[in-house]
>>> print(open('query_24.tsv').read())   # TSV, C-alpha atoms
chain	number	residue	atom	x	y	z
A	1	MET	CA	-8.43	8.24	13.82
A	2	GLY	CA	-6.20	5.42	14.81
A	3	GLU	CA	-6.43	6.22	18.52
A	4	ILE	CA	-5.62	3.69	21.21
A	5	SER	CA	-8.61	3.37	23.49
A	6	SER	CA	-9.48	1.13	26.39
A	7	CYS	CA	-12.45	-1.18	26.22
A	8	SER	CA	-14.38	-3.22	28.72
A	9	ASN	CA	-16.30	-6.24	27.41
A	10	GLY	CA	-15.90	-4.92	23.89
A	11	ILE	CA	-17.62	-1.57	24.51
A	12	ASN	CA	-15.43	1.43	23.71
A	13	ASN	CA	-15.43	3.87	26.61
A	14	GLY	CA	-13.59	6.58	24.66
A	15	ASN	CA	-10.62	6.87	27.01
A	16	ASN	CA	-7.53	7.70	24.99
A	17	ILE	CA	-4.43	5.80	26.08
A	18	ASN	CA	-2.03	6.77	23.28
A	19	GLY	CA	1.49	5.50	23.91
A	20	VAL	CA	0.45	2.53	26.05
A	21	HIS	CA	1.93	-0.72	24.77
A	22	GLY	CA	-0.20	-3.83	24.85
A	23	ASN	CA	1.69	-6.94	25.91
A	24	GLY	CA	-0.41	-9.96	25.03
A	25	ASN	CA	-2.96	-11.58	27.33
A	26	SER	CA	-3.08	-11.25	31.10
A	27	ILE	CA	-5.65	-11.88	33.84
A	28	VAL	CA	-6.94	-8.68	35.43
A	29	GLY	CA	-9.83	-8.62	37.92
A	30	GLY	CA	-11.14	-12.01	36.81
A	31	TYR	CA	-11.09	-11.03	33.13
A	32	ARG	CA	-8.63	-12.00	30.42
A	33	LYS	CA	-7.24	-8.76	29.04
A	34	SER	CA	-6.06	-8.80	25.45
A	35	CYS	CA	-5.23	-6.27	22.78
A	36	TRP	CA	-7.21	-6.01	19.53
A	37	TYR	CA	-7.22	-4.00	16.33
A	38	GLU	CA	-10.60	-3.13	14.82
A	39	GLU	CA	-11.27	-1.40	11.50
A	40	GLU	CA	-14.44	-0.19	9.83
A	41	ILE	CA	-14.56	-1.54	6.28
A	42	GLU	CA	-17.99	-0.28	5.31
A	43	GLU	CA	-21.03	0.93	7.18
A	44	ASN	CA	-22.25	-1.96	9.36
A	45	LEU	CA	-19.10	-3.95	8.63
A	46	ARG	CA	-15.99	-4.15	10.81
A	47	TRP	CA	-13.22	-6.67	11.26
A	48	CYS	CA	-10.75	-7.19	14.05
A	49	PHE	CA	-7.83	-9.34	15.06
A	50	ALA	CA	-5.78	-9.96	18.17
A	51	LEU	CA	-2.50	-8.19	18.93
A	52	ASN	CA	0.56	-9.29	20.82
A	53	SER	CA	1.39	-5.65	21.45
A	54	ILE	CA	1.19	-2.09	20.16
A	55	LEU	CA	4.79	-1.31	19.21
A	56	HIS	CA	4.27	2.36	18.42
A	57	THR	CA	1.55	4.94	18.08
A	58	GLY	CA	1.90	8.61	17.27
A	59	SER	CA	1.09	11.50	14.96
A	60	THR	CA	3.10	13.35	12.35
A	61	GLN	CA	2.39	16.66	10.63
A	62	TYR	CA	0.36	14.84	8.00
A	63	GLN	CA	-1.07	11.63	9.42
A	64	GLU	CA	-1.32	9.20	12.30
A	65	ILE	CA	0.84	6.09	12.39
A	66	GLN	CA	0.82	2.84	14.33
A	67	LEU	CA	2.93	-0.28	14.24
A	68	LEU	CA	1.12	-3.31	15.61
A	69	ASP	CA	2.50	-6.73	16.46
A	70	THR	CA	-0.46	-8.88	15.44
A	71	LYS	CA	-1.05	-12.49	16.36
A	72	PRO	CA	-2.18	-13.70	12.92
A	73	PHE	CA	-0.28	-11.39	10.55
A	74	GLY	CA	3.00	-10.34	12.23
A	75	LYS	CA	3.96	-6.66	12.25
A	76	ALA	CA	1.33	-4.46	10.63
A	77	LEU	CA	1.60	-0.82	9.58
A	78	VAL	CA	-1.47	1.38	10.10
A	79	ILE	CA	-1.71	4.95	8.78
A	80	ASP	CA	-4.67	7.20	9.56
A	81	GLY	CA	-6.47	4.25	11.05
A	82	LYS	CA	-6.27	2.17	7.85
A	83	LEU	CA	-4.19	-0.98	7.60
A	84	GLN	CA	-1.46	-0.49	4.99
A	85	SER	CA	0.45	-3.76	5.04
A	86	ALA	CA	1.43	-6.72	7.19
A	87	GLU	CA	4.42	-9.04	7.26
A	88	ILE	CA	2.51	-12.16	6.33
A	89	ASP	CA	1.38	-11.04	2.88
A	90	GLU	CA	2.68	-7.57	1.93
A	91	PHE	CA	4.78	-9.28	-0.75
A	92	ILE	CA	1.59	-10.13	-2.66
A	93	TYR	CA	0.71	-6.49	-3.13
A	94	HIS	CA	4.23	-5.17	-3.72
A	95	GLU	CA	5.30	-7.89	-6.15
A	96	SER	CA	2.08	-7.39	-8.12
A	97	LEU	CA	2.43	-3.61	-8.10
A	98	VAL	CA	6.04	-3.53	-9.29
A	99	HIS	CA	7.04	-6.50	-11.41
A	100	PRO	CA	4.41	-6.61	-14.18
A	101	ALA	CA	5.06	-2.94	-15.04
A	102	LEU	CA	8.83	-3.37	-15.19
A	103	LEU	CA	8.63	-6.68	-17.04
A	104	HIS	CA	6.44	-5.10	-19.73
A	105	HIS	CA	9.03	-2.37	-20.30
A	106	PRO	CA	11.94	-3.38	-22.56
A	107	ASN	CA	14.65	-1.73	-20.44
A	108	PRO	CA	13.44	0.10	-17.31
A	109	LYS	CA	16.30	2.14	-15.87
A	110	ALA	CA	14.85	5.23	-14.18
A	111	ILE	CA	11.92	4.80	-11.79
A	112	PHE	CA	9.91	7.31	-9.73
A	113	ILE	CA	7.85	6.22	-6.71
A	114	MET	CA	5.04	8.46	-5.53
A	115	GLY	CA	4.80	7.70	-1.82
A	116	GLY	CA	6.21	4.32	-0.88
A	117	GLY	CA	7.57	5.46	2.48
A	118	GLU	CA	7.33	1.93	3.84
A	119	GLY	CA	10.20	0.94	1.53
A	120	SER	CA	8.67	-2.28	0.17
A	121	THR	CA	8.05	-0.90	-3.33
A	122	ALA	CA	11.67	0.29	-3.53
A	123	ARG	CA	12.79	-3.14	-2.33
A	124	GLU	CA	11.01	-4.89	-5.19
A	125	LEU	CA	12.13	-2.34	-7.80
A	126	LEU	CA	15.77	-2.66	-6.78
A	127	ARG	CA	15.67	-6.41	-7.40
A	128	HIS	CA	15.61	-5.63	-11.15
A	129	ASN	CA	19.08	-5.71	-12.71
A	130	THR	CA	18.14	-3.10	-15.35
A	131	VAL	CA	17.30	-0.44	-12.76
A	132	VAL	CA	19.92	2.29	-12.43
A	133	LYS	CA	18.03	4.85	-10.34
A	134	VAL	CA	14.94	4.84	-8.13
A	135	VAL	CA	13.57	8.15	-6.82
A	136	MET	CA	11.24	7.62	-3.86
A	137	CYS	CA	9.24	10.74	-3.00
A	138	ASP	CA	7.18	10.62	0.19
A	139	ILE	CA	5.63	13.63	1.90
A	140	ASP	CA	6.13	12.41	5.46
A	141	GLU	CA	9.72	12.17	6.70
A	142	GLU	CA	8.66	10.83	10.10
A	143	VAL	CA	6.87	7.87	8.51
A	144	VAL	CA	9.89	7.10	6.32
A	145	ASP	CA	12.28	7.28	9.27
A	146	PHE	CA	9.93	5.15	11.33
A	147	CYS	CA	9.76	2.45	8.65
A	148	LYS	CA	13.54	2.51	8.15
A	149	SER	CA	13.95	1.83	11.86
A	150	TYR	CA	11.26	-0.79	12.41
A	151	LEU	CA	10.77	-2.69	9.13
A	152	VAL	CA	13.91	-4.80	8.99
A	153	VAL	CA	12.94	-6.46	5.70
A	154	ASN	CA	13.42	-3.15	3.87
A	155	ARG	CA	16.67	-1.92	5.42
A	156	GLU	CA	18.79	-3.19	2.54
A	157	ALA	CA	16.67	-1.24	0.06
A	158	PHE	CA	17.02	1.99	2.03
A	159	CYS	CA	20.81	1.54	1.95
A	160	ASP	CA	21.00	0.81	-1.80
A	161	PRO	CA	23.05	3.54	-3.56
A	162	ARG	CA	20.59	3.50	-6.49
A	163	LEU	CA	17.84	4.85	-4.21
A	164	GLU	CA	17.34	8.62	-3.99
A	165	LEU	CA	15.01	9.53	-1.13
A	166	ILE	CA	13.11	12.82	-1.44
A	167	ILE	CA	10.81	14.25	1.24
A	168	ASN	CA	8.22	16.29	-0.64
A	169	ASP	CA	4.74	16.23	-2.09
A	170	ALA	CA	4.94	13.93	-5.12
A	171	ARG	CA	3.00	16.32	-7.33
A	172	ALA	CA	5.26	19.26	-6.51
A	173	GLU	CA	8.35	17.11	-6.99
A	174	LEU	CA	7.29	15.83	-10.41
A	175	GLU	CA	6.27	19.33	-11.53
A	176	GLY	CA	9.63	20.74	-10.45
A	177	ARG	CA	11.84	18.09	-12.05
A	178	ASP	CA	13.21	18.13	-15.58
A	179	GLU	CA	13.91	14.38	-15.53
A	180	SER	CA	11.61	11.84	-17.09
A	181	TYR	CA	11.18	8.20	-16.14
A	182	ASP	CA	10.67	4.79	-17.68
A	183	VAL	CA	8.20	3.76	-14.97
A	184	ILE	CA	6.28	5.83	-12.42
A	185	VAL	CA	4.75	3.88	-9.54
A	186	GLY	CA	1.96	5.21	-7.33
A	187	ASP	CA	2.24	3.56	-3.91
A	188	LEU	CA	0.02	5.89	-1.94
A	189	ALA	CA	-2.04	5.75	1.19
A	190	ASP	CA	-5.78	5.38	0.76
A	191	PRO	CA	-7.73	8.50	-0.27
A	192	ILE	CA	-9.10	9.57	3.10
A	193	ALA	CA	-11.08	12.76	3.64
A	194	GLY	CA	-8.60	15.31	4.97
A	195	GLY	CA	-5.65	13.06	4.11
A	196	PRO	CA	-2.55	14.23	2.21
A	197	CYS	CA	-2.79	12.27	-1.04
A	198	TYR	CA	-6.29	12.04	-2.52
A	199	LYS	CA	-5.41	14.64	-5.18
A	200	LEU	CA	-2.81	12.19	-6.55
A	201	TYR	CA	-5.64	9.91	-7.67
A	202	THR	CA	-7.26	12.43	-10.03
A	203	LYS	CA	-7.61	12.40	-13.81
A	204	SER	CA	-6.07	15.88	-14.13
A	205	PHE	CA	-3.00	14.83	-12.15
A	206	TYR	CA	-2.39	11.83	-14.40
A	207	GLU	CA	-2.83	13.90	-17.56
A	208	SER	CA	-0.99	17.10	-16.66
A	209	VAL	CA	1.74	15.89	-14.28
A	210	VAL	CA	2.39	12.15	-14.61
A	211	LYS	CA	2.16	11.66	-18.38
A	212	PRO	CA	4.64	14.45	-19.29
A	213	ARG	CA	7.22	12.86	-16.97
A	214	LEU	CA	7.14	9.48	-18.72
A	215	ASN	CA	9.76	8.62	-21.34
A	216	GLN	CA	8.63	7.33	-24.72
A	217	GLY	CA	7.05	3.95	-24.05
A	218	GLY	CA	6.96	4.68	-20.31
A	219	ILE	CA	4.54	2.96	-17.94
A	220	PHE	CA	2.51	4.30	-15.03
A	221	VAL	CA	1.11	1.85	-12.48
A	222	THR	CA	-0.86	2.39	-9.29
A	223	GLN	CA	-3.45	0.79	-7.06
A	224	MET	CA	-6.90	2.20	-7.67
A	225	LEU	CA	-10.47	2.06	-6.45
A	226	CYS	CA	-11.98	1.63	-9.91
A	227	LEU	CA	-10.46	2.08	-13.33
A	228	ILE	CA	-10.04	0.28	-16.65
A	229	GLN	CA	-9.00	-3.16	-15.52
A	230	ARG	CA	-8.35	-4.57	-12.09
A	231	THR	CA	-6.52	-7.61	-10.83
A	232	PHE	CA	-7.82	-9.62	-7.89
A	233	LEU	CA	-5.23	-10.21	-5.19
A	234	PRO	CA	-6.26	-12.63	-2.39
A	235	MET	CA	-4.83	-10.81	0.61
A	236	LEU	CA	-5.87	-11.85	4.09
A	237	THR	CA	-4.95	-8.52	5.65
A	238	PHE	CA	-7.53	-6.50	3.74
A	239	GLY	CA	-11.03	-6.85	5.10
A	240	ASP	CA	-12.77	-7.17	1.74
A	241	GLY	CA	-10.41	-10.01	0.82
A	242	SER	CA	-9.06	-8.32	-2.29
A	243	TRP	CA	-6.85	-5.54	-3.61
A	244	HIS	CA	-6.98	-4.10	-7.09
A	245	LEU	CA	-4.32	-2.97	-9.53
A	246	ILE	CA	-4.54	-1.69	-13.08
A	247	LEU	CA	-2.82	-4.41	-15.06
A	248	HIS	CA	-3.12	-5.49	-18.65
A	249	SER	CA	-0.90	-7.90	-20.54
A	250	ALA	CA	-0.41	-9.21	-24.04
A	251	VAL	CA	2.61	-11.23	-22.90
A	252	SER	CA	2.28	-14.97	-22.31
A	253	ALA	CA	2.84	-16.59	-18.92
A	254	ASP	CA	5.94	-18.39	-20.21
A	255	GLU	CA	7.44	-15.16	-21.51
A	256	LEU	CA	6.81	-13.42	-18.19
A	257	ASP	CA	8.53	-16.29	-16.35
A	258	LEU	CA	11.53	-16.00	-18.67
A	259	ARG	CA	11.81	-12.23	-18.10
A	260	MET	CA	11.59	-12.74	-14.34
A	261	LYS	CA	14.44	-15.25	-14.47
A	262	GLN	CA	16.58	-12.94	-16.58
A	263	ARG	CA	15.91	-9.64	-14.85
A	264	ILE	CA	14.96	-10.16	-11.19
A	265	LYS	CA	17.37	-11.02	-8.42
A	266	GLY	CA	16.04	-13.89	-6.31
A	267	GLU	CA	12.73	-15.68	-6.59
A	268	ASN	CA	9.32	-14.11	-6.12
A	269	SER	CA	7.20	-15.45	-3.29
A	270	TYR	CA	3.90	-14.82	-5.05
A	271	LEU	CA	4.01	-13.64	-8.63
A	272	ASP	CA	4.82	-15.79	-11.64
A	273	GLY	CA	3.43	-15.92	-15.17
A	274	LYS	CA	0.50	-18.21	-14.37
A	275	THR	CA	-0.43	-16.22	-11.27
A	276	PHE	CA	-0.47	-12.97	-13.18
A	277	THR	CA	-2.57	-14.48	-15.98
A	278	SER	CA	-5.10	-15.99	-13.58
A	279	ASN	CA	-5.36	-12.82	-11.49
A	280	SER	CA	-6.06	-10.79	-14.63
A	281	THR	CA	-9.22	-12.80	-15.33
A	282	LEU	CA	-12.10	-10.88	-13.80
A	283	SER	CA	-15.41	-12.39	-12.76
A	284	LYS	CA	-18.57	-11.59	-14.69
A	285	ALA	CA	-19.91	-9.50	-11.79
A	286	VAL	CA	-16.77	-7.36	-11.64
A	287	ARG	CA	-16.67	-6.90	-15.43
A	288	LYS	CA	-20.30	-5.81	-15.42
A	289	SER	CA	-19.64	-3.39	-12.56
A	290	LEU	CA	-16.71	-1.85	-14.46
A	291	ASP	CA	-18.76	-1.58	-17.65
A	292	ASN	CA	-21.39	0.39	-15.72
A	293	GLU	CA	-18.88	2.65	-13.93
A	294	THR	CA	-19.17	6.28	-15.05
A	295	HIS	CA	-17.57	8.18	-12.17
A	296	VAL	CA	-14.38	10.10	-13.00
A	297	TYR	CA	-12.19	10.83	-9.98
A	298	THR	CA	-11.44	14.55	-9.79
A	299	GLU	CA	-10.65	16.93	-6.94
A	300	LYS	CA	-14.28	18.08	-6.95
A	301	SER	CA	-15.77	14.59	-7.24
A	302	ALA	CA	-13.35	12.65	-5.02
A	303	ARG	CA	-14.50	9.48	-3.30
A	304	PHE	CA	-12.96	8.58	0.03
A	305	ILE	CA	-12.31	5.31	1.82
A	306	TYR	CA	-14.84	4.62	4.56
A	307	GLY	CA	-14.04	4.46	8.24
A	308	HIS	CA	-10.89	4.04	10.29
A	309	GLY	CA	-9.26	1.57	12.64
A	310	THR	CA	-8.80	1.42	16.40
A	311	ALA	CA	-6.46	-0.60	18.57
A	312	TYR	CA	-7.82	-1.27	22.04
A	313	LYS	CA	-7.61	-3.51	25.08
A	314	HIS	CA	-10.50	-5.87	25.55
A	315	ASN	CA	-11.47	-7.72	28.73
A	316	GLN	CA	-12.79	-11.24	28.26
A	317	ASP	CA	-14.07	-13.89	30.66
>>> encode(input="query_24.tsv", output="structure tokens")
Amino acid sequence: MGEISSCSNGINNGNNINGVHGNGNSIVGGYRKSCWYEEEIEENLRWCFALNSILHTGSTQYQEIQLLDTKPFGKALVIDGKLQSAEIDEFIYHESLVHPALLHHPNPKAIFIMGGGEGSTARELLRHNTVVKVVMCDIDEEVVDFCKSYLVVNREAFCDPRLELIINDARAELEGRDESYDVIVGDLADPIAGGPCYKLYTKSFYESVVKPRLNQGGIFVTQMLCLIQRTFLPMLTFGDGSWHLILHSAVSADELDLRMKQRIKGENSYLDGKTFTSNSTLSKAVRKSLDNETHVYTEKSARFIYGHGTAYKHNQD
């Protein structure tokens, strides 16, 4: 997964060239050589985009990681061959993941992040003036260190004294702690077969581990494949054009705007009251699909994300 391989005329020849940095377009042997990223979304469906360069590629104990400098989306983080986020629109996902949950809590002070090694979720949480402590627990220290070094936008968050960084499995950490939290945020990599985190998407984990660690009136929020209610986020850097979060609100758009003004440092780039309200309105087709959904995600009945991504050099006329 996530290997760097050389290509000629778009046909993968399987040669692994891990560690080679692409450097934009050049003319080689009468062909224009360029670097591309390609990812399988579903069977018979792939998408790809051009790269300026491959900034880093490597493997950790748990997963493979790449940082790509893309032409259309800026720097993009890829883990286990699946695009995680990109500079151009990561704020859409992270603002939508964090702010509605905290704004629906009367006074969120203690927060626990499952995963979040990229640092963007911590960044958004720490913008809230009520927050006293954020515990970020990610299993992969190499990924965290990598993101601290390369993702400049999150460096301030990593240096915030309110942030406690723990390198551990989130389940083991929650089970071993006596503390409870006002909000628990799941910012996890996709559930990939053989990956480190699919068990953190299960019904038993939510019931036996997460719920007991929530304070009275506490809130748990995560991105999910299919659950009670989902919000449509128009993100260019996800091949299906959407990302889904469990969000439900009885608060008006005006009230949400007021809470944002009172509680959040700086101005959001994406989320306001009207945006949240409109994104919470699901289409008839999606509502019908959810009504017909009967699958319960357990360790024995886990569903995994399809496919993986590849960055390669491509020769063009």
>>> closest_residue(input="query_24.tsv", among="A:Asn215, A:Thr298, A:Asn52, A:Ser85", to="Glu179 (chain A)", atoms="only C-alpha atoms")
A:Asn215
>>> closest_residue(input="query_24.tsv", among="A:Val296, A:Val183, A:Tyr270, A:Glu42", to="Ser204 (chain A)", atoms="all atoms listed in the file")
A:Val296
>>> atom_distance(input="query_24.tsv", atom1="CA of Ile139 (chain A)", atom2="CA of His105 (chain A)")
27.6 Å
>>> residues_around(input="query_24.tsv", residues="Gln63 (chain A)", least_positions_apart="2", cutoff="7 Å", atoms="all atoms listed in the file", output="PyMOL selection string")
chain A and resi 59-61+65+79-80
>>> residues_around(input="query_24.tsv", residues="Ile264 (chain A)", least_positions_apart="6", cutoff="8 Å", atoms="only C-alpha atoms", output="list in words")
Arg127, His128 and Asn129 of chain A
>>> atom_distance(input="query_24.tsv", atom1="CA of Ile88 (chain A)", atom2="CA of Glu142 (chain A)")
24.1 Å
>>> residues_around(input="query_24.tsv", residues="Met114 (chain A)", least_positions_apart="5", cutoff="10 Å", atoms="all atoms listed in the file", output="list in words")
Val135, Met136, Cys137, Asp138, Ile139, Asn168, Asp169, Ala170, Arg171, Glu173, Leu174, Ile184, Val185, Gly186, Asp187, Leu188, Cys197, Leu200 and Thr222 of chain A
>>> atom_distance(input="query_24.tsv", atom1="CA of Gly119 (chain A)", atom2="CA of Asn154 (chain A)")
5.7 Å
>>> closest_residue(input="query_24.tsv", among="A:Pro161, A:Pro100, A:Gly273, A:Gly176", to="Ile219 (chain A)", atoms="all atoms listed in the file")
A:Pro100
>>> closest_residue(input="query_24.tsv", among="A:Leu55, A:Val152, A:Ala189, A:Ile113", to="Ile166 (chain A)", atoms="only C-alpha atoms")
A:Ile113
>>> closest_residue(input="query_24.tsv", among="A:Phe276, A:Phe220, A:Tyr297, A:Phe158", to="Lys199 (chain A)", atoms="only C-alpha atoms")
A:Tyr297
>>> decode(input="query_24.tsv", residues="region 122-193 of chain A", atoms="C-alpha atoms", output="tab-separated table (two decimals), in the first residue's frame")
chain	number	residue	atom	x	y	z
A	122	ALA	CA	-6.25	19.72	18.45
A	123	ARG	CA	-5.79	23.03	16.64
A	124	GLU	CA	-9.53	23.56	16.31
A	125	LEU	CA	-10.27	22.40	19.87
A	126	LEU	CA	-7.71	24.77	21.35
A	127	ARG	CA	-9.42	27.74	19.69
A	128	HIS	CA	-12.22	27.36	22.27
A	129	ASN	CA	-11.76	29.63	25.28
A	130	THR	CA	-13.55	27.19	27.62
A	131	VAL	CA	-11.06	24.38	26.97
A	132	VAL	CA	-8.62	23.76	29.82
A	133	LYS	CA	-7.10	20.44	28.76
A	134	VAL	CA	-6.89	18.42	25.56
A	135	VAL	CA	-5.50	14.87	25.67
A	136	MET	CA	-4.47	13.67	22.21
A	137	CYS	CA	-3.82	9.92	22.10
A	138	ASP	CA	-2.33	8.53	18.90
A	139	ILE	CA	-0.81	5.09	18.51
A	140	ASP	CA	1.94	6.09	16.07
A	141	GLU	CA	4.68	8.36	17.44
A	142	GLU	CA	6.46	8.53	14.08
A	143	VAL	CA	3.36	9.92	12.37
A	144	VAL	CA	2.88	12.51	15.11
A	145	ASP	CA	6.53	13.60	14.94
A	146	PHE	CA	6.33	13.72	11.17
A	147	CYS	CA	3.25	15.96	11.23
A	148	LYS	CA	4.78	18.22	13.88
A	149	SER	CA	7.76	18.74	11.59
A	150	TYR	CA	6.03	19.16	8.24
A	151	LEU	CA	2.55	20.61	8.88
A	152	VAL	CA	3.38	24.19	9.79
A	153	VAL	CA	-0.28	25.17	10.26
A	154	ASN	CA	-0.48	22.96	13.38
A	155	ARG	CA	2.79	23.83	15.10
A	156	GLU	CA	1.16	26.33	17.45
A	157	ALA	CA	-1.31	23.69	18.62
A	158	PHE	CA	1.46	21.19	19.36
A	159	CYS	CA	3.17	23.84	21.51
A	160	ASP	CA	0.03	24.81	23.45
A	161	PRO	CA	0.49	24.01	27.18
A	162	ARG	CA	-3.13	22.78	27.37
A	163	LEU	CA	-2.27	19.87	25.04
A	164	GLU	CA	-1.17	16.57	26.57
A	165	LEU	CA	0.23	14.22	23.93
A	166	ILE	CA	0.04	10.48	24.66
A	167	ILE	CA	1.47	7.76	22.41
A	168	ASN	CA	-0.71	4.72	22.99
A	169	ASP	CA	-3.66	2.77	21.66
A	170	ALA	CA	-6.71	4.94	22.38
A	171	ARG	CA	-8.73	2.05	23.73
A	172	ALA	CA	-6.01	1.01	26.17
A	173	GLU	CA	-5.51	4.61	27.23
A	174	LEU	CA	-9.19	5.24	27.93
A	175	GLU	CA	-9.52	1.94	29.79
A	176	GLY	CA	-6.51	2.76	31.96
A	177	ARG	CA	-7.51	6.32	32.88
A	178	ASP	CA	-9.64	7.37	35.82
A	179	GLU	CA	-10.41	10.77	34.26
A	180	SER	CA	-13.62	11.52	32.44
A	181	TYR	CA	-14.20	14.08	29.71
A	182	ASP	CA	-16.76	16.59	28.52
A	183	VAL	CA	-16.14	15.72	24.86
A	184	ILE	CA	-14.42	12.72	23.26
A	185	VAL	CA	-13.48	13.14	19.60
A	186	GLY	CA	-12.70	10.23	17.28
A	187	ASP	CA	-10.32	11.46	14.57
A	188	LEU	CA	-9.14	8.13	13.27
A	189	ALA	CA	-7.70	6.76	10.07
A	190	ASP	CA	-10.06	4.83	7.83
A	191	PRO	CA	-10.91	1.25	8.87
A	192	ILE	CA	-8.56	-0.67	6.60
A	193	ALA	CA	-8.13	-4.44	6.73
